[in-house]
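As stored in model-v7.tsv (TSV, C-alpha atoms):
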chain	number	residue	atom	x	y	z
A	1	MET	CA	0.00	0.00	0.00
A	2	SER	CA	1.40	3.39	-1.01
A	3	SER	CA	1.66	6.35	1.35
A	4	LYS	CA	-1.27	8.00	-0.42
A	5	GLU	CA	-3.46	4.90	-0.19
A	6	GLU	CA	-2.62	4.56	3.50
A	7	VAL	CA	-3.66	8.14	4.25
A	8	LEU	CA	-6.91	7.93	2.31
A	9	SER	CA	-7.65	4.62	4.07
A	10	ALA	CA	-7.13	6.36	7.42
A	11	PHE	CA	-9.63	9.02	6.36
A	12	ARG	CA	-12.06	6.17	5.63
A	13	LEU	CA	-11.41	4.86	9.17
A	14	GLU	CA	-10.08	1.54	7.89
A	15	ASN	CA	-8.16	-0.63	10.32
A	16	LEU	CA	-4.57	-0.75	9.05
A	17	LYS	CA	-1.41	-2.54	10.14
A	18	THR	CA	0.54	0.72	9.95
A	19	VAL	CA	-0.16	4.33	10.91
A	20	PRO	CA	0.51	7.32	8.61
A	21	VAL	CA	2.67	10.13	9.94
A	22	THR	CA	3.38	13.73	9.02
A	23	ILE	CA	4.14	17.11	10.48
A	24	TYR	CA	1.18	19.47	10.27
A	25	GLY	CA	1.80	22.41	7.95
A	26	GLY	CA	5.53	22.81	8.29
A	27	GLY	CA	5.84	25.78	5.97
A	28	ALA	CA	8.15	27.82	8.18
A	29	TRP	CA	10.28	24.77	9.00
A	30	THR	CA	10.58	23.73	5.36
A	31	ILE	CA	11.34	27.20	4.01
A	32	TYR	CA	13.87	28.31	6.60
A	33	ASN	CA	15.65	24.96	6.75
A	34	SER	CA	16.00	25.13	2.98
A	35	GLY	CA	17.74	28.51	3.19
A	36	GLN	CA	14.79	30.32	1.60
A	37	ASN	CA	12.31	32.91	2.83
A	38	PHE	CA	8.58	33.49	2.44
A	39	VAL	CA	8.84	36.69	0.42
A	40	SER	CA	11.17	35.38	-2.30
A	41	LEU	CA	9.13	32.21	-2.79
A	42	SER	CA	5.84	34.13	-2.96
A	43	THR	CA	6.61	35.13	-6.56
A	44	ASP	CA	8.30	31.94	-7.72
A	45	PRO	CA	6.00	28.89	-7.94
A	46	ASP	CA	8.70	26.68	-9.42
A	47	LYS	CA	11.08	27.35	-6.54
A	48	MET	CA	8.29	27.08	-3.96
A	49	ALA	CA	7.31	23.70	-5.38
A	50	GLN	CA	10.89	22.43	-5.58
A	51	VAL	CA	11.62	23.28	-1.95
A	52	ILE	CA	8.57	21.25	-0.89
A	53	ILE	CA	9.38	18.35	-3.23
A	54	ASP	CA	13.00	18.19	-2.04
A	55	THR	CA	11.92	18.21	1.61
A	56	TYR	CA	9.44	15.43	0.96
A	57	HIS	CA	12.06	13.28	-0.76
A	58	SER	CA	14.39	13.79	2.18
A	59	LEU	CA	11.93	13.00	4.98
A	60	LYS	CA	9.12	11.01	3.30
A	61	TRP	CA	6.22	12.00	5.53
A	62	ASP	CA	2.71	11.04	4.44
A	63	MET	CA	0.99	14.35	3.70
A	64	VAL	CA	2.49	17.39	2.01
A	65	PHE	CA	1.09	20.86	2.78
A	66	VAL	CA	1.72	23.46	0.07
A	67	GLY	CA	1.23	27.12	1.02
A	68	SER	CA	1.70	26.55	4.73
A	69	GLY	CA	2.61	29.90	6.29
A	70	TYR	CA	0.99	31.87	3.46
A	71	ASN	CA	-2.53	31.77	4.90
A	72	ASN	CA	-2.73	35.52	5.43
A	73	TYR	CA	-2.25	36.22	1.73
A	74	LEU	CA	-5.82	35.11	1.02
A	75	ALA	CA	-7.12	37.94	3.18
A	76	ALA	CA	-4.60	40.27	1.57
A	77	SER	CA	-6.04	39.40	-1.84
A	78	LEU	CA	-9.33	40.94	-0.71
A	79	GLY	CA	-7.81	44.27	0.29
A	80	GLY	CA	-5.41	43.73	3.18
A	81	GLU	CA	-1.70	44.48	3.36
A	82	ILE	CA	1.02	41.97	4.26
A	83	ARG	CA	3.82	42.61	6.73
A	84	ALA	CA	6.82	40.36	6.18
A	85	ARG	CA	8.61	39.29	9.36
A	86	GLU	CA	12.21	38.19	9.67
A	87	GLY	CA	12.20	34.59	10.87
A	88	GLY	CA	8.40	34.35	10.93
A	89	VAL	CA	5.40	33.86	8.70
A	90	PRO	CA	3.93	36.91	6.93
A	91	ASP	CA	1.22	38.75	8.89
A	92	LEU	CA	-1.73	40.84	7.84
A	93	LYS	CA	-0.83	44.39	8.92
A	94	ASP	CA	-4.29	45.49	9.99
A	95	PRO	CA	-7.88	44.29	9.80
A	96	PHE	CA	-9.86	46.14	7.15
A	97	VAL	CA	-13.52	45.31	7.76
A	98	ASN	CA	-14.85	47.91	10.19
A	99	VAL	CA	-18.43	48.47	9.05
A	100	PRO	CA	-20.92	46.52	6.88
A	101	GLU	CA	-20.06	48.73	3.91
A	102	ASP	CA	-16.47	47.44	3.99
A	103	LEU	CA	-17.80	43.92	3.67
A	104	GLU	CA	-20.01	44.87	0.73
A	105	ALA	CA	-17.01	46.36	-1.08
A	106	ILE	CA	-15.07	43.06	-1.09
A	107	ASP	CA	-14.94	41.34	-4.47
A	108	LEU	CA	-14.20	37.61	-4.25
A	109	ALA	CA	-13.17	37.64	-7.91
A	110	SER	CA	-9.95	39.34	-6.79
A	111	ILE	CA	-8.76	36.04	-5.29
A	112	GLU	CA	-8.00	34.36	-8.61
A	113	LYS	CA	-6.28	37.53	-9.88
A	114	ASP	CA	-3.91	37.87	-6.93
A	115	PRO	CA	-0.29	37.04	-7.90
A	116	VAL	CA	0.62	35.30	-4.62
A	117	ILE	CA	-2.55	33.18	-4.70
A	118	GLN	CA	-1.65	32.28	-8.28
A	119	THR	CA	1.85	31.30	-7.09
A	120	ILE	CA	0.44	29.04	-4.35
A	121	GLN	CA	-2.03	27.38	-6.69
A	122	LYS	CA	0.56	26.83	-9.42
A	123	ALA	CA	3.05	25.46	-6.88
A	124	THR	CA	0.37	23.08	-5.59
A	125	ARG	CA	-0.19	21.79	-9.12
A	126	LEU	CA	3.55	21.36	-9.68
A	127	VAL	CA	3.96	19.43	-6.43
A	128	SER	CA	0.94	17.27	-7.24
A	129	GLU	CA	2.28	16.51	-10.71
A	130	ALA	CA	5.66	15.53	-9.27
A	131	ILE	CA	4.68	13.41	-6.24
A	132	GLY	CA	0.89	13.35	-6.09
A	133	ASP	CA	0.66	9.73	-7.21
A	134	GLU	CA	2.57	8.56	-4.14
A	135	VAL	CA	1.59	10.99	-1.38
A	136	VAL	CA	-1.42	13.13	-0.46
A	137	VAL	CA	-0.79	16.73	-1.50
A	138	THR	CA	-2.90	19.50	-0.04
A	139	THR	CA	-2.72	23.25	0.47
A	140	THR	CA	-3.60	25.27	3.53
A	141	ALA	CA	-5.97	28.10	4.46
A	142	TRP	CA	-7.58	29.59	7.54
A	143	GLY	CA	-10.99	28.20	8.41
A	144	PRO	CA	-13.97	30.57	8.05
A	145	PHE	CA	-14.00	31.80	11.66
A	146	THR	CA	-10.27	32.51	11.80
A	147	PHE	CA	-10.39	34.09	8.35
A	148	ALA	CA	-13.17	36.35	9.61
A	149	ALA	CA	-10.95	37.32	12.54
A	150	GLN	CA	-8.24	38.36	10.06
A	151	LEU	CA	-10.68	40.61	8.21
A	152	ARG	CA	-12.28	42.13	11.32
A	153	GLY	CA	-9.55	41.75	13.95
A	154	VAL	CA	-9.68	39.06	16.62
A	155	GLU	CA	-10.80	41.30	19.50
A	156	ASN	CA	-13.39	43.04	17.32
A	157	LEU	CA	-14.87	39.73	16.14
A	158	MET	CA	-15.02	38.44	19.71
A	159	ARG	CA	-16.99	41.53	20.72
A	160	ASP	CA	-19.22	41.18	17.66
A	161	VAL	CA	-20.38	37.69	18.57
A	162	TYR	CA	-21.82	39.24	21.73
A	163	LYS	CA	-22.90	42.71	20.61
A	164	LYS	CA	-23.30	42.49	16.82
A	165	PRO	CA	-24.02	38.83	16.07
A	166	GLU	CA	-25.60	39.51	12.67
A	167	PHE	CA	-22.52	41.45	11.56
A	168	ALA	CA	-20.27	38.64	12.82
A	169	GLU	CA	-22.31	36.08	10.89
A	170	SER	CA	-22.04	38.17	7.72
A	171	ILE	CA	-18.25	38.32	8.00
A	172	ILE	CA	-17.98	34.59	8.69
A	173	ASN	CA	-20.26	33.78	5.77
A	174	LEU	CA	-18.17	35.86	3.38
A	175	SER	CA	-15.04	34.25	4.79
A	176	ARG	CA	-16.41	30.78	4.11
A	177	ARG	CA	-17.17	31.80	0.54
A	178	ALA	CA	-13.65	33.19	0.13
A	179	VAL	CA	-12.00	29.99	1.37
A	180	THR	CA	-14.26	27.94	-0.90
A	181	GLU	CA	-13.34	30.19	-3.83
A	182	PHE	CA	-9.64	29.60	-3.11
A	183	TYR	CA	-9.94	25.81	-3.04
A	184	THR	CA	-12.49	25.23	-5.80
A	185	PRO	CA	-10.17	25.30	-8.85
A	186	LEU	CA	-7.67	22.96	-7.18
A	187	VAL	CA	-10.38	20.49	-6.18
A	188	ARG	CA	-12.31	20.63	-9.44
A	189	ASP	CA	-9.26	19.93	-11.60
A	190	GLY	CA	-8.21	17.01	-9.38
A	191	THR	CA	-5.00	18.60	-8.09
A	192	ILE	CA	-5.96	17.94	-4.45
A	193	GLU	CA	-8.25	15.41	-2.79
A	194	VAL	CA	-7.90	16.89	0.71
A	195	VAL	CA	-8.21	20.53	1.76
A	196	ALA	CA	-6.50	21.67	4.97
A	197	LEU	CA	-8.03	24.26	7.29
A	198	ALA	CA	-6.65	25.78	10.49
A	199	GLU	CA	-8.99	27.38	13.03
A	200	PRO	CA	-6.77	28.78	15.82
A	201	THR	CA	-9.31	31.49	16.64
A	202	ALA	CA	-11.90	28.76	17.33
A	203	SER	CA	-9.68	27.45	20.12
A	204	GLY	CA	-11.11	26.53	23.48
A	205	ASP	CA	-8.68	29.10	24.84
A	206	LEU	CA	-10.56	31.87	22.99
A	207	ILE	CA	-14.26	31.07	22.62
A	208	SER	CA	-16.91	29.19	24.55
A	209	LYS	CA	-18.67	26.06	23.39
A	210	ARG	CA	-21.86	28.09	22.97
A	211	HIS	CA	-20.19	30.46	20.56
A	212	PHE	CA	-18.40	27.62	18.80
A	213	ASP	CA	-21.78	25.99	18.16
A	214	GLY	CA	-23.33	29.25	17.03
A	215	PHE	CA	-20.57	30.80	14.91
A	216	VAL	CA	-17.96	28.17	14.01
A	217	LEU	CA	-19.88	24.94	13.52
A	218	PRO	CA	-22.39	26.16	10.90
A	219	SER	CA	-19.70	27.55	8.59
A	220	LEU	CA	-17.53	24.44	8.89
A	221	ASP	CA	-20.49	22.16	8.26
A	222	ARG	CA	-21.42	24.09	5.11
A	223	PHE	CA	-17.81	24.24	3.91
A	224	THR	CA	-17.12	20.52	4.38
A	225	SER	CA	-20.39	19.67	2.67
A	226	ASP	CA	-19.44	21.82	-0.33
A	227	MET	CA	-16.02	20.18	-0.51
A	228	LYS	CA	-17.51	16.68	-0.32
A	229	ASN	CA	-19.87	17.55	-3.15
A	230	MET	CA	-16.78	18.39	-5.21
A	231	GLY	CA	-15.02	15.17	-4.14
A	232	ALA	CA	-12.62	16.41	-1.44
A	233	GLU	CA	-12.19	15.60	2.24
A	234	THR	CA	-11.39	18.28	4.81
A	235	PHE	CA	-8.45	18.20	7.24
A	236	LEU	CA	-9.05	20.52	10.21
A	237	HIS	CA	-6.68	21.67	12.93
A	238	ILE	CA	-7.91	23.61	15.97
A	239	CYS	CA	-5.36	24.95	18.41
A	240	GLY	CA	-5.68	24.88	22.18
A	241	ASN	CA	-7.80	22.85	24.54
A	242	THR	CA	-10.99	21.84	22.75
A	243	THR	CA	-12.03	19.12	25.21
A	244	ASP	CA	-15.39	20.77	25.90
A	245	LYS	CA	-16.10	20.99	22.16
A	246	LEU	CA	-15.32	17.44	21.03
A	247	ASP	CA	-18.99	16.58	20.51
A	248	SER	CA	-19.43	19.74	18.43
A	249	ILE	CA	-16.33	19.07	16.34
A	250	ALA	CA	-17.76	15.61	15.58
A	251	LYS	CA	-20.61	17.40	13.78
A	252	THR	CA	-18.41	19.49	11.45
A	253	GLY	CA	-18.22	16.84	8.74
A	254	VAL	CA	-14.42	16.95	8.47
A	255	GLY	CA	-12.53	13.83	7.49
A	256	LEU	CA	-9.67	14.39	9.94
A	257	ILE	CA	-9.43	16.48	13.08
A	258	SER	CA	-5.91	17.39	14.17
A	259	ILE	CA	-5.92	18.04	17.91
A	260	ASP	CA	-3.64	20.14	20.06
A	261	HIS	CA	-1.33	18.52	22.59
A	262	LYS	CA	-3.50	20.06	25.34
A	263	VAL	CA	-6.29	17.58	24.52
A	264	GLU	CA	-6.15	14.09	26.03
A	265	LEU	CA	-5.70	11.85	23.01
A	266	GLY	CA	-7.59	8.85	24.33
A	267	MET	CA	-10.63	10.99	25.09
A	268	ALA	CA	-10.53	12.50	21.60
A	269	LYS	CA	-10.22	9.11	19.93
A	270	GLU	CA	-13.23	7.87	21.87
A	271	ALA	CA	-15.26	10.95	20.91
A	272	PHE	CA	-14.46	10.65	17.21
A	273	LYS	CA	-14.36	6.88	16.66
A	274	ARG	CA	-16.44	5.79	13.67
A	275	VAL	CA	-16.94	9.51	12.89
A	276	MET	CA	-13.63	10.98	11.70
A	277	CYS	CA	-9.91	10.31	11.66
A	278	VAL	CA	-7.88	11.79	14.53
A	279	GLY	CA	-4.46	13.38	14.11
A	280	GLY	CA	-2.04	14.21	16.87
A	281	ASN	CA	-0.71	15.05	19.21
A	282	VAL	CA	2.99	15.11	20.10
A	283	ASP	CA	3.85	18.38	21.86
A	284	PRO	CA	5.33	20.63	19.13
A	285	VAL	CA	7.43	22.73	21.50
A	286	SER	CA	8.47	20.91	24.66
A	287	THR	CA	8.97	17.63	22.81
A	288	MET	CA	9.56	18.37	19.11
A	289	LYS	CA	11.60	21.57	19.57
A	290	ASP	CA	13.14	21.27	23.02
A	291	GLY	CA	13.17	17.52	23.61
A	292	SER	CA	15.64	14.85	22.58
A	293	ALA	CA	15.01	12.38	19.78
A	294	ASP	CA	14.42	9.75	22.46
A	295	LYS	CA	11.73	11.92	24.04
A	296	VAL	CA	10.07	12.27	20.63
A	297	ARG	CA	10.12	8.49	20.20
A	298	GLU	CA	8.67	7.97	23.66
A	299	GLU	CA	5.80	10.42	23.21
A	300	SER	CA	5.11	9.25	19.65
A	301	LEU	CA	4.89	5.64	20.80
A	302	LYS	CA	2.51	6.65	23.58
A	303	CYS	CA	0.25	8.35	21.03
A	304	LEU	CA	0.36	5.33	18.74
A	305	LYS	CA	-0.55	2.92	21.52
A	306	THR	CA	-3.35	5.19	22.72
A	307	ALA	CA	-5.08	5.99	19.44
A	308	SER	CA	-4.15	3.49	16.72
A	309	VAL	CA	-6.54	0.74	17.83
A	310	GLY	CA	-9.47	0.46	15.45
A	311	GLY	CA	-7.91	2.59	12.71
A	312	GLY	CA	-8.60	6.21	11.91
A	313	PHE	CA	-5.41	7.64	13.42
A	314	PHE	CA	-2.66	9.83	11.94
A	315	LEU	CA	0.48	10.53	14.01
A	316	MET	CA	1.62	14.15	13.94
A	317	PRO	CA	2.61	16.98	16.27
A	318	GLY	CA	-0.19	18.75	18.12
A	319	CYS	CA	0.26	21.90	16.00
A	320	ASP	CA	2.55	23.34	13.36
A	321	ILE	CA	6.18	23.06	14.38
A	322	PRO	CA	8.61	25.97	14.90
A	323	PRO	CA	11.38	26.35	12.30
A	324	SER	CA	13.97	25.57	15.01
A	325	VAL	CA	12.80	21.95	15.49
A	326	PRO	CA	15.84	19.68	14.91
A	327	GLU	CA	15.58	17.51	11.82
A	328	GLU	CA	16.66	14.59	14.00
A	329	ASN	CA	13.43	14.95	15.98
A	330	ILE	CA	11.27	14.94	12.86
A	331	ARG	CA	13.01	11.80	11.70
A	332	ALA	CA	12.42	10.24	15.12
A	333	LEU	CA	8.68	10.96	14.82
A	334	ILE	CA	8.53	9.40	11.36
A	335	GLU	CA	10.68	6.38	12.16
A	336	THR	CA	8.65	5.57	15.28
A	337	SER	CA	5.48	5.40	13.21
A	338	ARG	CA	7.16	3.38	10.46
A	339	LYS	CA	8.28	0.72	12.94
A	340	PHE	CA	4.97	0.54	14.79
A	341	ARG	CA	2.45	-2.19	14.01
A	342	THR	CA	-1.16	-2.00	15.18
A	343	GLY	CA	-1.61	-5.76	15.60
A	344	VAL	CA	-4.28	-6.03	12.87

Conversion result in structure tokens:
Amino acid sequence: MSSKEEVLSAFRLENLKTVPVTIYGGGAWTIYNSGQNFVSLSTDPDKMAQVIIDTYHSLKWDMVFVGSGYNNYLAASLGGEIRAREGGVPDLKDPFVNVPEDLEAIDLASIEKDPVIQTIQKATRLVSEAIGDEVVVTTTAWGPFTFAAQLRGVENLMRDVYKKPEFAESIINLSRRAVTEFYTPLVRDGTIEVVALAEPTASGDLISKRHFDGFVLPSLDRFTSDMKNMGAETFLHICGNTTDKLDSIAKTGVGLISIDHKVELGMAKEAFKRVMCVGGNVDPVSTMKDGSADKVREESLKCLKTASVGGGFFLMPGCDIPPSVPEENIRALIETSRKFRTGV
């Protein structure tokens, strides 16, 4: 069974002898450890693709994320401005939706015309053409709620869900449409079979379960349904402790939920069994960045023993990894999964 077949089988919750493994995202790690930077690659799809292809051939993880670290450029394509940061991913300088009229002025057609979005989409196609037969290739974006927070500002959106809920819903709805617009050409032409969303603003550290159910869940449910109708599964990562929201996440319709290291893995696996694949959740900082390779092996093995039974598990760190993670530790994560057998 190829790497790609193994991953798609995990999405289907099939009980396998082996467990797929990857790092989640990894854009900053890949780019900086290749001696490149985000700004130079943002205008060069061939170089962006080659950096990703070369990293894959070196490490051979089971899912490749194109565009990781470039998520803020989608908001920039609608009227925002990017701030490049030395040693970090590019930020959106300022939110730019302040009143309903700002929302009405946004033209989603600008997405396909944006040069950086074109670079990401072309790079995704190049990577898929090169290695897409052997490994799952996807590209990344913010989920609708987090995207809305980029447009409006996190603190402003948090106030809106209390004081201006209809305005918040309008921003989230437009955000969902924007993310769908970004993915649609790549899904329709068969470049990708999995789309990858990150929802850090939907974290249990930021919003209540009540507001998750009211403002996050509906947009994710609609988005995943639209993707399924086009033939694609959805990979979702939510940062922070989402223990109180596990039953709600189970209703999103995603094919894989990547959970933070703050969530107890056994509890998550129980909540999502026979519903969706679970990914996680080696600590990306204290273990992957600051720990030894032996510590990575120990924690990875613990995750495998906890969540691999019954299928539907994908070993990965509990969030994107910092660029300073030693390559030795990534190899330890991958090798531990490769040696593990589920007993099927």

**One-decimal distance in Å that lies between CA of Thr139 (chain A) and CA of Leu41 (chain A)** = 15.2 Å

**Residues near region 168-183 of chain A, cut-off 7 Å, all atoms listed in the file, skip fewer than 5 positions along chain, as a list in words** =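 Selected residues are Leu108, Ile111, Pro144, Phe145, Phe147, Ala148, Leu157, Asp160, Val161, Phe215, Ser219 and Phe223 of chain A.
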
**Asked** Which residues, written as a list in words, have at least one atom at most 12 Å from Lys228 (chain A), with only C-alpha atoms counted and residues fewer than 3 positions away on the same chain left out?
**Response**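 The contact residues come out as Thr180, Thr184, Val187, Arg188, Glu193, Val194, Val195, Asp221, Arg222, Phe223, Thr224, Ser225, Gly231, Ala232, Glu233, Thr234, Phe235, Gly253, Val254 and Gly255 of chain A.
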
**Item:** Contacts of Ala198 (chain A) at 9 Å (all atoms listed in the file; same-chain gap of 4+ positions) as number ranges by chain
**Value:** A: 140-143, 146, 235-239

Neighbours of point (-6.0, 41.8, 0.7) within 10 Å, using all atoms listed in the file, written as an mmCIF file with C-alpha atoms, in the coordinates of the input:
data_model
loop_
_atom_site.group_PDB
_atom_site.id
_atom_site.type_symbol
_atom_site.label_atom_id
_atom_site.label_comp_id
_atom_site.auth_asym_id
_atom_site.auth_seq_id
_atom_site.Cartn_x
_atom_site.Cartn_y
_atom_site.Cartn_z
ATOM 1 C CA ASN A 72 -2.730 35.520 5.430
ATOM 2 C CA TYR A 73 -2.250 36.220 1.730
ATOM 3 C CA LEU A 74 -5.820 35.110 1.020
ATOM 4 C CA ALA A 75 -7.120 37.940 3.180
ATOM 5 C CA ALA A 76 -4.600 40.270 1.570
ATOM 6 C CA SER A 77 -6.040 39.400 -1.840
ATOM 7 C CA LEU A 78 -9.330 40.940 -0.710
ATOM 8 C CA GLY A 79 -7.810 44.270 0.290
ATOM 9 C CA GLY A 80 -5.410 43.730 3.180
ATOM 10 C CA GLU A 81 -1.700 44.480 3.360
ATOM 11 C CA ILE A 82 1.020 41.970 4.260
ATOM 12 C CA LEU A 92 -1.730 40.840 7.840
ATOM 13 C CA PRO A 95 -7.880 44.290 9.800
ATOM 14 C CA PHE A 96 -9.860 46.140 7.150
ATOM 15 C CA ILE A 106 -15.070 43.060 -1.090
ATOM 16 C CA SER A 110 -9.950 39.340 -6.790
ATOM 17 C CA ILE A 111 -8.760 36.040 -5.290
ATOM 18 C CA ASP A 114 -3.910 37.870 -6.930
ATOM 19 C CA LEU A 151 -10.680 40.610 8.210
#

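Our summary of the geometry notes that CA of Thr242 (chain A) is positioned 14.2 Å from CA of Glu270 (chain A).
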
**Request:** Find the spatial neighbours of Thr138 (chain A), counting all atoms listed in the file, within a cut-off of 8 Å - ignore same-chain residues fewer than 4 positions away - and output them as number ranges by chain.
**Result:** A: 63-66, 124, 192-196

**Request:** Show me as a VMD selection string the residues that reach within 9 Å of (9.3, 28.1, 1.3), counting only C-alpha atoms and using the file's own coordinates.
**Result:** chain A and resid 27 to 42 47 to 49 51 to 52 66 to 69

**Message:** So the first atom is CA of Trp61 (chain A) and the second is CA of Thr22 (chain A); what is the distance between them in Å, to one decimal place?
**Reply:**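 One can read the CA of Trp61 (chain A) to CA of Thr22 (chain A) distance as 4.8 Å.
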
**Request:** Could you check which of A:Met1, A:Ala332, A:Val309, A:Met316 is closest to Lys295 (chain A), using all atoms listed in the file?
**Result:**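 Using all atoms listed in the file, the shortest distance to Lys295 (chain A) belongs to A:Ala332.
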
**Prompt:** Contacts of region 206-208 of chain A at 9 Å or less, counting only C-alpha atoms, minus same-chain residues fewer than 3 places along, as a list in words?
**Reply:**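 My list of contacting residues is Met158, Pro200, Thr201, Ala202, Ser203, His211, Phe212, Asp213, Gly240, Asp244 and Lys245 of chain A.
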
Go ahead and save the picked residues with C-alpha atoms, as a tab-separated table (two decimals), keeping the file's coordinate frame.
chain	number	residue	atom	x	y	z
A	158	MET	CA	-15.02	38.44	19.71
A	200	PRO	CA	-6.77	28.78	15.82
A	201	THR	CA	-9.31	31.49	16.64
A	202	ALA	CA	-11.90	28.76	17.33
A	203	SER	CA	-9.68	27.45	20.12
A	211	HIS	CA	-20.19	30.46	20.56
A	212	PHE	CA	-18.40	27.62	18.80
A	213	ASP	CA	-21.78	25.99	18.16
A	240	GLY	CA	-5.68	24.88	22.18
A	244	ASP	CA	-15.39	20.77	25.90
A	245	LYS	CA	-16.10	20.99	22.16

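Shortest atom-to-atom contact with Pro323 (chain A) among A:Gly291, A:Gly88, A:Val275, A:Asn229: A:Gly88, counting only C-alpha atoms.
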
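Counting only C-alpha atoms, the residue from A:Glu86, A:Val97, A:Thr191, A:Arg274 that sits nearest to Glu129 (chain A) is A:Thr191.
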
**Request:** Find the residue from A:Glu101, A:Glu328, A:Asp107, A:Asp205 that sits nearest to Asp290 (chain A); use all atoms listed in the file when measuring.
**Result:** A:Glu328

**Prompt:** Which residue out of A:Met288, A:Ala10, A:Val278, A:Ile257 has the minimum interatomic distance to Val136 (chain A) when all atoms listed in the file are used?
**Reply:**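 For Val136 (chain A), the nearest of the candidates is A:Ala10.
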
**Asked** Pick from A:Lys251, A:Pro100, A:Gly280, A:Lys273: nearest to Asn15 (chain A), with only C-alpha atoms counted?
**Response**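 The shortest atom-to-atom distance to Asn15 (chain A) comes from A:Lys273.
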
Six-sided padding of 3 Å per side, axis-aligned box over region 113-131 of chain A, centre and edges in Å, one decimal, as JSON:
{"center_x": -0.3, "center_y": 25.6, "center_z": -7.5, "size_x": 17.9, "size_y": 30.5, "size_z": 12.4}

Kindly reconstruct region 143-160 of chain A with N, CA and C atoms and present the result as a short mmCIF file (atom, residue, chain, number, x, y, z; two decimals), in the coordinates of the input.
data_model
loop_
_atom_site.label_atom_id
_atom_site.label_comp_id
_atom_site.auth_asym_id
_atom_site.auth_seq_id
_atom_site.Cartn_x
_atom_site.Cartn_y
_atom_site.Cartn_z
N GLY A 143 -9.58 28.54 8.42
CA GLY A 143 -10.99 28.20 8.41
C GLY A 143 -11.82 29.47 8.43
N PRO A 144 -13.12 29.38 8.17
CA PRO A 144 -13.97 30.57 8.05
C PRO A 144 -13.95 31.50 9.27
N PHE A 145 -13.96 30.95 10.47
CA PHE A 145 -14.00 31.80 11.66
C PHE A 145 -12.68 32.55 11.84
N THR A 146 -11.58 31.86 11.67
CA THR A 146 -10.27 32.51 11.80
C THR A 146 -10.04 33.51 10.68
N PHE A 147 -10.49 33.16 9.47
CA PHE A 147 -10.39 34.09 8.35
C PHE A 147 -11.17 35.37 8.66
N ALA A 148 -12.36 35.19 9.22
CA ALA A 148 -13.17 36.35 9.61
C ALA A 148 -12.44 37.21 10.62
N ALA A 149 -11.72 36.59 11.54
CA ALA A 149 -10.95 37.32 12.54
C ALA A 149 -9.81 38.11 11.90
N GLN A 150 -9.26 37.60 10.78
CA GLN A 150 -8.24 38.36 10.06
C GLN A 150 -8.85 39.62 9.43
N LEU A 151 -10.03 39.47 8.86
CA LEU A 151 -10.68 40.61 8.21
C LEU A 151 -11.12 41.67 9.22
N ARG A 152 -11.65 41.22 10.35
CA ARG A 152 -12.28 42.13 11.32
C ARG A 152 -11.35 42.50 12.47
N GLY A 153 -10.36 41.63 12.74
CA GLY A 153 -9.55 41.75 13.95
C GLY A 153 -10.09 40.82 15.01
N VAL A 154 -9.22 40.09 15.68
CA VAL A 154 -9.68 39.06 16.62
C VAL A 154 -10.53 39.67 17.74
N GLU A 155 -10.05 40.72 18.38
CA GLU A 155 -10.80 41.30 19.50
C GLU A 155 -12.13 41.87 19.03
N ASN A 156 -12.14 42.48 17.85
CA ASN A 156 -13.39 43.04 17.32
C ASN A 156 -14.41 41.94 17.04
N LEU A 157 -13.94 40.82 16.44
CA LEU A 157 -14.87 39.73 16.14
C LEU A 157 -15.41 39.12 17.43
N MET A 158 -14.56 39.00 18.44
CA MET A 158 -15.02 38.44 19.71
C MET A 158 -16.10 39.33 20.35
N ARG A 159 -15.95 40.63 20.21
CA ARG A 159 -16.99 41.53 20.72
C ARG A 159 -18.25 41.42 19.88
N ASP A 160 -18.06 41.26 18.56
CA ASP A 160 -19.22 41.18 17.66
C ASP A 160 -20.12 39.99 17.96
#
